[in-house]
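Structure, as structure tokens:
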Amino acid sequence: VKLYTQAAKQGLAEAQLAIGDYYAQGTGALAKNDEEAAQLYRQAADQGLASGQYALGDSYMRGNGVPLDETRAARLFRQAADQGFNLAQSILGECYMLGFGVAHDLADAARYFRLAADQGDANAQRSLGFLCEHGQGTKRDLGEAVRLYRAAAAQRNVRALARLG
């Protein structure tokens, strides 16, 4: 923790993210402090670190250490998603699916789920499978839905297993 803290103070984005995670979880001999975690995530995000943008977006989505702000959360998720960060692509798909911080748009949801699913993200595979099964935001394709559910189920995604029956 000491070396990470020194590196974070020197501006190393990956170290800022790591120490932010320690504060968020209350681990590594650091007491839980959501405000300090969010500040460190912001420093990492401001340097363009996709995982830092995602972590700060998650803080805004949950109101952990910062005020709850759906729009800011979605904007940060998009910044990370645009860098290819699959967790951000998946959660941004959820944002579009639910209208959380962005306009409800199932075509955009399907697009972001596809990006994350193609990287092996099980939640995105399951969500895109659902959209394909029902023809929402994408053409109806039961074969593709089953393929996506199977890919997610192979990663022990319980909701995908349930969709397969």
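Chain labels run A, B, ... following the order of the structure tokens; each chain numbers its residues from 1, and ligands are numbered from 1 in the order shown.
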field: Residue list (helix (DSSP H, G or I), DSSP) for range 45-164 of chain A, as number ranges by chain
entry: A: 45-46, 50-62, 70-81, 86-98, 106-117, 122-134, 142-153, 158-164
- prompt: What is the distance between CA of Leu148 in chain A and CA of Leu98 in chain A, in Å to one decimal?
  reply: 20.5 Å
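Between CA of Leu131 in chain A and CA of Gln53 in chain A there is a distance of 26.9 Å.
Residue nearest Ala145 in chain A, chosen from A:Lys2, A:Arg62, A:Arg163, A:Arg111 and counting only C-alpha atoms: A:Arg163.
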- prompt: What lies within 10 Å of range 18-33 of chain A using only C-alpha atoms, ignoring chain neighbours under 3 positions off, as an MDAnalysis selection string?
  reply: chainID A and resid 1:2 4:5 7:8 13:15 36:44 52 55:56 59 64:65
Please write the residues from the selection above to a file, keeping N, CA and C atoms, as a PDB file, in the first residue's frame.
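Wrote part.pdb, looks like this:
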```pdb
ATOM      1  N   VAL A   1       0.828  -1.196   0.000  1.00  0.00           N
ATOM      2  CA  VAL A   1       0.000   0.000   0.000  1.00  0.00           C
ATOM      3  C   VAL A   1       0.872   1.260   0.000  1.00  0.00           C
ATOM      4  N   LYS A   2       1.963   1.208   0.735  1.00  0.00           N
ATOM      5  CA  LYS A   2       2.827   2.385   0.838  1.00  0.00           C
ATOM      6  C   LYS A   2       3.389   2.795  -0.532  1.00  0.00           C
ATOM      7  N   TYR A   4       2.160   2.017  -3.527  1.00  0.00           N
ATOM      8  CA  TYR A   4       1.050   2.483  -4.363  1.00  0.00           C
ATOM      9  C   TYR A   4       0.672   3.915  -3.996  1.00  0.00           C
ATOM     10  N   THR A   5       0.654   4.199  -2.694  1.00  0.00           N
ATOM     11  CA  THR A   5       0.301   5.543  -2.238  1.00  0.00           C
ATOM     12  C   THR A   5       1.314   6.560  -2.744  1.00  0.00           C
ATOM     13  N   ALA A   7       3.223   6.252  -5.408  1.00  0.00           N
ATOM     14  CA  ALA A   7       3.046   6.363  -6.860  1.00  0.00           C
ATOM     15  C   ALA A   7       1.804   7.180  -7.200  1.00  0.00           C
ATOM     16  N   ALA A   8       0.736   7.012  -6.421  1.00  0.00           N
ATOM     17  CA  ALA A   8      -0.491   7.782  -6.645  1.00  0.00           C
ATOM     18  C   ALA A   8      -0.238   9.264  -6.434  1.00  0.00           C
ATOM     19  N   ALA A  13      -1.623   7.078 -12.747  1.00  0.00           N
ATOM     20  CA  ALA A  13      -3.066   6.820 -12.798  1.00  0.00           C
ATOM     21  C   ALA A  13      -3.430   5.428 -12.293  1.00  0.00           C
ATOM     22  N   GLU A  14      -2.660   4.416 -12.663  1.00  0.00           N
ATOM     23  CA  GLU A  14      -2.961   3.052 -12.231  1.00  0.00           C
ATOM     24  C   GLU A  14      -2.869   2.923 -10.715  1.00  0.00           C
ATOM     25  N   ALA A  15      -1.912   3.622 -10.108  1.00  0.00           N
ATOM     26  CA  ALA A  15      -1.778   3.604  -8.648  1.00  0.00           C
ATOM     27  C   ALA A  15      -2.939   4.367  -8.002  1.00  0.00           C
ATOM     28  N   GLU A  36     -12.661   9.751  -0.525  1.00  0.00           N
ATOM     29  CA  GLU A  36     -11.262   9.655  -0.941  1.00  0.00           C
ATOM     30  C   GLU A  36     -11.131   8.764  -2.176  1.00  0.00           C
ATOM     31  N   ALA A  37     -11.903   7.675  -2.213  1.00  0.00           N
ATOM     32  CA  ALA A  37     -11.888   6.790  -3.379  1.00  0.00           C
ATOM     33  C   ALA A  37     -12.315   7.555  -4.622  1.00  0.00           C
ATOM     34  N   ALA A  38     -13.403   8.296  -4.532  1.00  0.00           N
ATOM     35  CA  ALA A  38     -13.907   9.042  -5.689  1.00  0.00           C
ATOM     36  C   ALA A  38     -12.890  10.089  -6.150  1.00  0.00           C
ATOM     37  N   GLN A  39     -12.214  10.732  -5.210  1.00  0.00           N
ATOM     38  CA  GLN A  39     -11.209  11.733  -5.578  1.00  0.00           C
ATOM     39  C   GLN A  39     -10.057  11.087  -6.342  1.00  0.00           C
ATOM     40  N   LEU A  40      -9.619   9.924  -5.889  1.00  0.00           N
ATOM     41  CA  LEU A  40      -8.537   9.221  -6.585  1.00  0.00           C
ATOM     42  C   LEU A  40      -9.004   8.714  -7.951  1.00  0.00           C
ATOM     43  N   TYR A  41     -10.229   8.218  -8.016  1.00  0.00           N
ATOM     44  CA  TYR A  41     -10.780   7.794  -9.311  1.00  0.00           C
ATOM     45  C   TYR A  41     -10.832   8.975 -10.277  1.00  0.00           C
ATOM     46  N   ARG A  42     -11.198  10.144  -9.773  1.00  0.00           N
ATOM     47  CA  ARG A  42     -11.273  11.344 -10.613  1.00  0.00           C
ATOM     48  C   ARG A  42      -9.882  11.685 -11.172  1.00  0.00           C
ATOM     49  N   GLN A  43      -8.855  11.583 -10.335  1.00  0.00           N
ATOM     50  CA  GLN A  43      -7.496  11.866 -10.791  1.00  0.00           C
ATOM     51  C   GLN A  43      -7.085  10.907 -11.907  1.00  0.00           C
ATOM     52  N   ALA A  44      -7.411   9.627 -11.729  1.00  0.00           N
ATOM     53  CA  ALA A  44      -7.090   8.631 -12.760  1.00  0.00           C
ATOM     54  C   ALA A  44      -7.916   8.877 -14.024  1.00  0.00           C
ATOM     55  N   GLY A  52     -10.302   4.005 -14.639  1.00  0.00           N
ATOM     56  CA  GLY A  52     -10.579   5.104 -13.716  1.00  0.00           C
ATOM     57  C   GLY A  52     -11.880   5.808 -14.067  1.00  0.00           C
ATOM     58  N   ALA A  55     -14.615   3.486 -12.916  1.00  0.00           N
ATOM     59  CA  ALA A  55     -14.770   3.496 -11.457  1.00  0.00           C
ATOM     60  C   ALA A  55     -15.442   4.781 -10.984  1.00  0.00           C
ATOM     61  N   LEU A  56     -15.065   5.918 -11.564  1.00  0.00           N
ATOM     62  CA  LEU A  56     -15.701   7.178 -11.178  1.00  0.00           C
ATOM     63  C   LEU A  56     -17.159   7.184 -11.626  1.00  0.00           C
ATOM     64  N   SER A  59     -19.090   5.328  -9.171  1.00  0.00           N
ATOM     65  CA  SER A  59     -19.307   6.137  -7.965  1.00  0.00           C
ATOM     66  C   SER A  59     -20.496   7.076  -8.148  1.00  0.00           C
ATOM     67  N   ASN A  64     -21.660   7.065  -4.356  1.00  0.00           N
ATOM     68  CA  ASN A  64     -20.625   6.725  -3.373  1.00  0.00           C
ATOM     69  C   ASN A  64     -19.506   7.761  -3.407  1.00  0.00           C
ATOM     70  N   GLY A  65     -19.470   8.615  -2.402  1.00  0.00           N
ATOM     71  CA  GLY A  65     -18.421   9.615  -2.294  1.00  0.00           C
ATOM     72  C   GLY A  65     -18.645  10.855  -3.131  1.00  0.00           C
TER      73      GLY A  65
END
```
Which residues of range 21-108 of chain A come within 9 Å of range 112-127 of chain A, and for each one, what is the closest pair of atoms and their distance in Å to one decimal, counting only C-alpha atoms, sorted by chain and residue number, as CSV?
```
residue,atom,partner,partner_atom,distance
A:Ala81,CA,A:Tyr112,CA,8.1
A:Gly84,CA,A:Leu115,CA,7.9
A:Phe85,CA,A:Ala116,CA,7.9
A:Asn86,CA,A:Ala116,CA,4.6
A:Leu87,CA,A:Ala116,CA,7.0
A:Ala88,CA,A:Ala116,CA,8.2
A:Gln89,CA,A:Tyr112,CA,5.2
A:Ser90,CA,A:Ala124,CA,5.3
A:Ile91,CA,A:Ala124,CA,8.3
A:Leu92,CA,A:Tyr112,CA,6.6
A:Gly93,CA,A:Tyr112,CA,5.0
A:Glu94,CA,A:Phe113,CA,8.1
A:Tyr96,CA,A:Tyr112,CA,8.8
A:Ala107,CA,A:Tyr112,CA,8.8
A:Asp108,CA,A:Tyr112,CA,6.2
```
Would you mind exporting the chosen residues as a PDB file, in the first residue's frame, restricted to N, CA, C and O atoms?
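Writing the result to out39.pdb gives the following:
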```pdb
ATOM      1  N   ALA A  81     -15.924   3.314 -22.437  1.00  0.00           N
ATOM      2  CA  ALA A  81     -16.387   2.393 -23.489  1.00  0.00           C
ATOM      3  C   ALA A  81     -15.738   2.722 -24.814  1.00  0.00           C
ATOM      4  O   ALA A  81     -15.359   1.817 -25.572  1.00  0.00           O
ATOM      5  N   GLY A  84     -12.665   1.028 -25.490  1.00  0.00           N
ATOM      6  CA  GLY A  84     -12.725  -0.426 -25.594  1.00  0.00           C
ATOM      7  C   GLY A  84     -12.831  -1.156 -24.283  1.00  0.00           C
ATOM      8  O   GLY A  84     -12.687  -2.383 -24.246  1.00  0.00           O
ATOM      9  N   PHE A  85     -13.114  -0.454 -23.195  1.00  0.00           N
ATOM     10  CA  PHE A  85     -13.195  -1.083 -21.871  1.00  0.00           C
ATOM     11  C   PHE A  85     -14.526  -1.828 -21.761  1.00  0.00           C
ATOM     12  O   PHE A  85     -15.589  -1.220 -21.694  1.00  0.00           O
ATOM     13  N   ASN A  86     -14.463  -3.165 -21.768  1.00  0.00           N
ATOM     14  CA  ASN A  86     -15.678  -3.971 -21.898  1.00  0.00           C
ATOM     15  C   ASN A  86     -16.671  -3.788 -20.753  1.00  0.00           C
ATOM     16  O   ASN A  86     -17.881  -3.821 -20.983  1.00  0.00           O
ATOM     17  N   LEU A  87     -16.212  -3.603 -19.528  1.00  0.00           N
ATOM     18  CA  LEU A  87     -17.160  -3.410 -18.426  1.00  0.00           C
ATOM     19  C   LEU A  87     -17.971  -2.132 -18.627  1.00  0.00           C
ATOM     20  O   LEU A  87     -19.178  -2.094 -18.356  1.00  0.00           O
ATOM     21  N   ALA A  88     -17.318  -1.093 -19.137  1.00  0.00           N
ATOM     22  CA  ALA A  88     -18.017   0.157 -19.410  1.00  0.00           C
ATOM     23  C   ALA A  88     -18.978  -0.008 -20.581  1.00  0.00           C
ATOM     24  O   ALA A  88     -20.090   0.537 -20.564  1.00  0.00           O
ATOM     25  N   GLN A  89     -18.581  -0.764 -21.599  1.00  0.00           N
ATOM     26  CA  GLN A  89     -19.474  -1.013 -22.729  1.00  0.00           C
ATOM     27  C   GLN A  89     -20.731  -1.737 -22.257  1.00  0.00           C
ATOM     28  O   GLN A  89     -21.851  -1.390 -22.660  1.00  0.00           O
ATOM     29  N   SER A  90     -20.562  -2.719 -21.397  1.00  0.00           N
ATOM     30  CA  SER A  90     -21.696  -3.492 -20.898  1.00  0.00           C
ATOM     31  C   SER A  90     -22.635  -2.630 -20.056  1.00  0.00           C
ATOM     32  O   SER A  90     -23.854  -2.649 -20.245  1.00  0.00           O
ATOM     33  N   ILE A  91     -22.068  -1.859 -19.138  1.00  0.00           N
ATOM     34  CA  ILE A  91     -22.918  -1.037 -18.272  1.00  0.00           C
ATOM     35  C   ILE A  91     -23.557   0.100 -19.066  1.00  0.00           C
ATOM     36  O   ILE A  91     -24.693   0.491 -18.796  1.00  0.00           O
ATOM     37  N   LEU A  92     -22.865   0.608 -20.088  1.00  0.00           N
ATOM     38  CA  LEU A  92     -23.463   1.640 -20.927  1.00  0.00           C
ATOM     39  C   LEU A  92     -24.634   1.053 -21.716  1.00  0.00           C
ATOM     40  O   LEU A  92     -25.658   1.716 -21.903  1.00  0.00           O
ATOM     41  N   GLY A  93     -24.508  -0.198 -22.146  1.00  0.00           N
ATOM     42  CA  GLY A  93     -25.637  -0.882 -22.766  1.00  0.00           C
ATOM     43  C   GLY A  93     -26.828  -0.931 -21.824  1.00  0.00           C
ATOM     44  O   GLY A  93     -27.971  -0.685 -22.227  1.00  0.00           O
ATOM     45  N   GLU A  94     -26.564  -1.233 -20.557  1.00  0.00           N
ATOM     46  CA  GLU A  94     -27.640  -1.245 -19.547  1.00  0.00           C
ATOM     47  C   GLU A  94     -28.252   0.145 -19.398  1.00  0.00           C
ATOM     48  O   GLU A  94     -29.469   0.288 -19.268  1.00  0.00           O
ATOM     49  N   TYR A  96     -28.496   2.508 -21.659  1.00  0.00           N
ATOM     50  CA  TYR A  96     -29.386   2.758 -22.795  1.00  0.00           C
ATOM     51  C   TYR A  96     -30.640   1.892 -22.713  1.00  0.00           C
ATOM     52  O   TYR A  96     -31.726   2.337 -23.089  1.00  0.00           O
ATOM     53  N   ALA A 107     -31.426   0.294 -29.686  1.00  0.00           N
ATOM     54  CA  ALA A 107     -30.412   0.083 -30.724  1.00  0.00           C
ATOM     55  C   ALA A 107     -29.022   0.411 -30.177  1.00  0.00           C
ATOM     56  O   ALA A 107     -28.061  -0.327 -30.428  1.00  0.00           O
ATOM     57  N   ASP A 108     -28.902   1.505 -29.427  1.00  0.00           N
ATOM     58  CA  ASP A 108     -27.614   1.824 -28.802  1.00  0.00           C
ATOM     59  C   ASP A 108     -27.266   0.796 -27.733  1.00  0.00           C
ATOM     60  O   ASP A 108     -26.100   0.425 -27.581  1.00  0.00           O
TER      61      ASP A 108
END
```
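Atom pair CA of Met97 in chain A / CA of Ala50 in chain A has a distance of 21.8 Å (rounded to one decimal).
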statement: One residue among A:Leu3, A:Val66, A:Val146, A:Ala80 is nearest to Ala162 in chain A when using only C-alpha atoms, and that residue is A:Val146
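Distances to Glu70 in chain A were evaluated for A:Gln83, A:Leu49, A:Cys95, A:Phe130 using only C-alpha atoms, and the minimum falls at A:Cys95.
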query: Using only C-alpha atoms, which of the listed residues (A:Asn157, A:Gln16, A:Gln6, A:Ser51) sits closest to Arg78 in chain A?
result: A:Ser51
For Ala73 in chain A: contacts at 7 Å, only C-alpha atoms, fewer than 2 positions along chain excluded, given as a PDB file with C-alpha atoms, in the first residue's frame:
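result17.pdb, written as the output of this step:
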```
ATOM      1  CA  GLY A  57     -18.813   6.542 -13.273  1.00  0.00           C
ATOM      2  CA  ASP A  58     -19.750   3.738 -10.896  1.00  0.00           C
ATOM      3  CA  TYR A  60     -21.705   8.616  -9.587  1.00  0.00           C
ATOM      4  CA  MET A  61     -24.126   5.830 -10.473  1.00  0.00           C
ATOM      5  CA  ASP A  69     -25.611  11.825 -10.986  1.00  0.00           C
ATOM      6  CA  GLU A  70     -26.921   9.485 -13.688  1.00  0.00           C
ATOM      7  CA  THR A  71     -25.924  11.748 -16.577  1.00  0.00           C
ATOM      8  CA  ARG A  75     -20.829  10.177 -19.730  1.00  0.00           C
ATOM      9  CA  LEU A  76     -17.907   8.577 -17.876  1.00  0.00           C
ATOM     10  CA  PHE A  77     -19.000   5.093 -18.921  1.00  0.00           C
TER      11      PHE A  77
END
```
- request: Return the single residue from A:Asp46, A:Asp105, A:Glu35, A:Glu144 that is closest to Gly11 in chain A, with distances computed using only C-alpha atoms.
  value: A:Asp46
task: Tell me which protein, DNA and RNA residues are within 12 Å of Gly143 in chain A, counting only C-alpha atoms, leaving out same-chain ones fewer than 2 positions away, and put them as a count of residues only.
output: 15
